[in-house]
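Asker: Before anything else, here's the structure in question.
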Amino acid sequence: MARSLNKAFIIGNVGRDPEMRYTPQGSAVTTFSVAVNRTLFSRDGEAPRDETEWFRVTTWGKLAETCNQYLAKGQQVCIEGSVHLNSWEGNDGQKHAALALTATDMLMLGSKRREDTERAEDDFGSDAEPDDIPF
């Protein structure tokens, strides 16, 4: 019997600072966007061109709180989750669509940002060693 699977991994840069809210039942929900870039090469000798795909990412629970606390615009992340296509009709009558990802896991990539290190120093004291910082 065949099974279905909807699992995706994206690596890109956070496009805007995360926004967290709570459902009426008290569950944390955080949303943010991630830009995934790729370079396209043509066979006819044209110059390569860059293309960007935007994903709206939604996280829930403890992961939502973690993303809200530690992610910021420009930071490189790896997101694991399931993909959905959201479509709607705008006020002008045009149809729109956007790729969305409901995240089940997040991994911060790239070099540590200065703001993150400063935030960690505030949490641990200014004499904290880099190995003491939890990320």
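As shown in the structure tokens, the chain order sets the letters A, B, ...; within each chain, residues go from 1, and ligands are also counted from 1 in the order they appear.
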Among range 8-92 of chain A, which residues carry a DSSP assignment of strand (DSSP E or B), reported as a VMD selection string?
Answerer: chain A and resid 8 to 14 19 to 22 28 to 40 49 to 60 76 to 89
Asker: Could the residues in this selection be written to a file with N, CA and C atoms, as a short mmCIF file (atom, residue, chain, number, x, y, z; two decimals), in the first residue's frame?
Answerer:
```
data_model
loop_
_atom_site.label_atom_id
_atom_site.label_comp_id
_atom_site.auth_asym_id
_atom_site.auth_seq_id
_atom_site.Cartn_x
_atom_site.Cartn_y
_atom_site.Cartn_z
N ALA A 8 9.30 18.83 3.65
CA ALA A 8 10.20 19.70 2.90
C ALA A 8 11.26 20.27 3.83
N PHE A 9 12.42 20.52 3.25
CA PHE A 9 13.50 21.22 3.93
C PHE A 9 13.84 22.43 3.08
N ILE A 10 13.92 23.59 3.70
CA ILE A 10 14.37 24.79 2.98
C ILE A 10 15.51 25.42 3.77
N ILE A 11 16.46 25.96 3.05
CA ILE A 11 17.54 26.73 3.66
C ILE A 11 17.51 28.09 2.99
N GLY A 12 17.41 29.12 3.79
CA GLY A 12 17.35 30.47 3.25
C GLY A 12 17.54 31.49 4.35
N ASN A 13 17.19 32.73 4.02
CA ASN A 13 17.35 33.83 4.97
C ASN A 13 15.99 34.33 5.43
N VAL A 14 15.90 34.61 6.72
CA VAL A 14 14.67 35.16 7.29
C VAL A 14 14.41 36.51 6.63
N GLU A 19 6.86 37.23 14.04
CA GLU A 19 5.75 37.83 14.78
C GLU A 19 5.03 36.72 15.53
N MET A 20 4.94 36.85 16.86
CA MET A 20 4.31 35.83 17.67
C MET A 20 2.97 36.33 18.21
N ARG A 21 2.02 35.43 18.26
CA ARG A 21 0.71 35.71 18.87
C ARG A 21 0.26 34.43 19.55
N TYR A 22 -0.85 34.51 20.23
CA TYR A 22 -1.39 33.34 20.93
C TYR A 22 -2.82 33.08 20.46
N ALA A 28 1.08 29.23 21.43
CA ALA A 28 1.92 30.20 20.74
C ALA A 28 1.99 29.88 19.25
N VAL A 29 1.89 30.91 18.42
CA VAL A 29 2.01 30.79 16.96
C VAL A 29 2.93 31.91 16.49
N THR A 30 3.98 31.53 15.77
CA THR A 30 4.91 32.53 15.23
C THR A 30 4.98 32.37 13.72
N THR A 31 4.94 33.49 13.01
CA THR A 31 5.06 33.48 11.55
C THR A 31 6.23 34.38 11.13
N PHE A 32 6.86 33.99 10.05
CA PHE A 32 7.93 34.78 9.45
C PHE A 32 8.11 34.30 8.02
N SER A 33 8.86 35.03 7.23
CA SER A 33 9.11 34.62 5.85
C SER A 33 10.56 34.21 5.69
N VAL A 34 10.80 33.30 4.73
CA VAL A 34 12.15 32.86 4.40
C VAL A 34 12.33 32.96 2.90
N ALA A 35 13.42 33.60 2.49
CA ALA A 35 13.78 33.72 1.07
C ALA A 35 14.79 32.65 0.72
N VAL A 36 14.48 31.85 -0.31
CA VAL A 36 15.37 30.80 -0.79
C VAL A 36 15.84 31.21 -2.17
N ASN A 37 17.16 31.38 -2.32
CA ASN A 37 17.73 31.85 -3.58
C ASN A 37 18.36 30.70 -4.35
N ARG A 38 18.32 30.82 -5.67
CA ARG A 38 19.01 29.86 -6.53
C ARG A 38 19.45 30.60 -7.79
N THR A 39 20.49 30.07 -8.43
CA THR A 39 21.00 30.65 -9.67
C THR A 39 20.61 29.74 -10.81
N LEU A 40 20.02 30.34 -11.85
CA LEU A 40 19.60 29.59 -13.03
C LEU A 40 20.60 29.83 -14.16
N ARG A 49 21.12 33.95 -13.99
CA ARG A 49 20.27 34.90 -13.26
C ARG A 49 19.82 34.27 -11.95
N ASP A 50 19.67 35.12 -10.97
CA ASP A 50 19.24 34.67 -9.66
C ASP A 50 17.72 34.71 -9.57
N GLU A 51 17.17 33.76 -8.84
CA GLU A 51 15.72 33.68 -8.63
C GLU A 51 15.49 33.44 -7.14
N THR A 52 14.46 34.07 -6.60
CA THR A 52 14.14 33.94 -5.18
C THR A 52 12.73 33.40 -5.02
N GLU A 53 12.58 32.39 -4.20
CA GLU A 53 11.27 31.86 -3.81
C GLU A 53 11.04 32.27 -2.37
N TRP A 54 9.84 32.77 -2.08
CA TRP A 54 9.49 33.19 -0.73
C TRP A 54 8.55 32.16 -0.11
N PHE A 55 8.82 31.81 1.13
CA PHE A 55 7.98 30.90 1.89
C PHE A 55 7.50 31.61 3.15
N ARG A 56 6.22 31.49 3.43
CA ARG A 56 5.69 31.97 4.71
C ARG A 56 5.75 30.78 5.65
N VAL A 57 6.42 30.94 6.78
CA VAL A 57 6.64 29.85 7.73
C VAL A 57 5.77 30.09 8.96
N THR A 58 5.08 29.04 9.40
CA THR A 58 4.28 29.09 10.63
C THR A 58 4.83 28.04 11.58
N THR A 59 5.05 28.44 12.82
CA THR A 59 5.52 27.52 13.86
C THR A 59 4.55 27.57 15.03
N TRP A 60 4.51 26.48 15.78
CA TRP A 60 3.56 26.35 16.90
C TRP A 60 4.28 25.95 18.18
N GLN A 76 20.33 33.23 8.48
CA GLN A 76 20.17 32.02 7.68
C GLN A 76 19.63 30.89 8.55
N VAL A 77 18.62 30.18 8.04
CA VAL A 77 17.99 29.10 8.79
C VAL A 77 17.69 27.92 7.87
N CYS A 78 17.56 26.75 8.50
CA CYS A 78 17.06 25.55 7.84
C CYS A 78 15.74 25.23 8.51
N ILE A 79 14.69 25.09 7.71
CA ILE A 79 13.36 24.81 8.22
C ILE A 79 12.91 23.46 7.67
N GLU A 80 12.36 22.62 8.54
CA GLU A 80 11.77 21.35 8.14
C GLU A 80 10.28 21.42 8.45
N GLY A 81 9.47 20.94 7.52
CA GLY A 81 8.03 20.94 7.75
C GLY A 81 7.26 20.45 6.55
N SER A 82 5.97 20.78 6.52
CA SER A 82 5.12 20.39 5.40
C SER A 82 4.72 21.62 4.59
N VAL A 83 4.62 21.45 3.28
CA VAL A 83 4.34 22.55 2.35
C VAL A 83 2.86 22.62 2.04
N HIS A 84 2.37 23.85 1.94
CA HIS A 84 0.98 24.11 1.56
C HIS A 84 0.97 25.26 0.58
N LEU A 85 0.00 25.29 -0.30
CA LEU A 85 -0.18 26.40 -1.21
C LEU A 85 -1.40 27.19 -0.77
N ASN A 86 -1.18 28.43 -0.33
CA ASN A 86 -2.28 29.29 0.05
C ASN A 86 -2.66 30.14 -1.15
N SER A 87 -3.95 30.17 -1.48
CA SER A 87 -4.40 31.01 -2.59
C SER A 87 -5.57 31.86 -2.13
N TRP A 88 -5.67 33.06 -2.71
CA TRP A 88 -6.73 33.98 -2.35
C TRP A 88 -6.97 34.94 -3.50
N GLU A 89 -8.07 35.64 -3.43
CA GLU A 89 -8.41 36.64 -4.42
C GLU A 89 -8.27 38.00 -3.79
#
```
Asker: Would you work out the distance separating CA of Gly15 in chain A from CA of Gly90 in chain A, expressed in Å to one decimal?
Answerer: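 Straight-line distance from CA of Gly15 in chain A to CA of Gly90 in chain A works out to 22.2 Å.
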Asker: For CA of Asn68 in chain A and CA of Pro18 in chain A, quote the distance in Å rounded to one decimal.
Answerer: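 Between CA of Asn68 in chain A and CA of Pro18 in chain A the gap is 5.4 Å.
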Asker: Tell me, which residues of chain A carry DSSP helix (DSSP H, G or I), written as a ChimeraX atom specification?
Answerer: /A:61-70,114-124,130-132
Asker: Those residues with C-alpha atoms, as a PDB file, in the first residue's frame please?
Answerer:
```pdb
ATOM      1  CA  GLY A  61       4.157  25.814  20.620  1.00  0.00           C
ATOM      2  CA  LYS A  62       7.688  25.760  22.017  1.00  0.00           C
ATOM      3  CA  LEU A  63       9.180  26.024  18.518  1.00  0.00           C
ATOM      4  CA  ALA A  64       7.142  29.217  17.983  1.00  0.00           C
ATOM      5  CA  GLU A  65       8.542  30.713  21.179  1.00  0.00           C
ATOM      6  CA  THR A  66      12.109  29.732  20.222  1.00  0.00           C
ATOM      7  CA  CYS A  67      11.807  31.211  16.705  1.00  0.00           C
ATOM      8  CA  ASN A  68      10.354  34.431  18.086  1.00  0.00           C
ATOM      9  CA  GLN A  69      13.152  34.755  20.635  1.00  0.00           C
ATOM     10  CA  TYR A  70      16.188  33.885  18.504  1.00  0.00           C
ATOM     11  CA  ARG A 114      26.333  40.378  16.805  1.00  0.00           C
ATOM     12  CA  GLU A 115      22.870  41.084  18.269  1.00  0.00           C
ATOM     13  CA  ASP A 116      22.520  37.419  19.279  1.00  0.00           C
ATOM     14  CA  THR A 117      25.855  37.485  21.069  1.00  0.00           C
ATOM     15  CA  GLU A 118      24.947  40.716  22.845  1.00  0.00           C
ATOM     16  CA  ARG A 119      21.575  39.247  23.860  1.00  0.00           C
ATOM     17  CA  ALA A 120      23.331  36.165  25.230  1.00  0.00           C
ATOM     18  CA  GLU A 121      25.803  38.327  27.149  1.00  0.00           C
ATOM     19  CA  ASP A 122      22.861  40.093  28.754  1.00  0.00           C
ATOM     20  CA  ASP A 123      21.467  36.702  29.795  1.00  0.00           C
ATOM     21  CA  PHE A 124      24.776  35.289  31.080  1.00  0.00           C
ATOM     22  CA  PRO A 130      31.549  31.866  23.909  1.00  0.00           C
ATOM     23  CA  ASP A 131      31.202  28.198  24.930  1.00  0.00           C
ATOM     24  CA  ASP A 132      28.669  29.234  27.594  1.00  0.00           C
TER      25      ASP A 132
END
```
Asker: Rounded to one decimal in Å, what is the spacing between CA of Asp17 in chain A and CA of Ala72 in chain A?
Answerer: 4.8 Å
Asker: Nearest residue to Leu109 in chain A out of A:Pro48, A:Ser4, A:Thr23, A:Gly74, using only C-alpha atoms?
Answerer: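 Closest candidate: A:Gly74.
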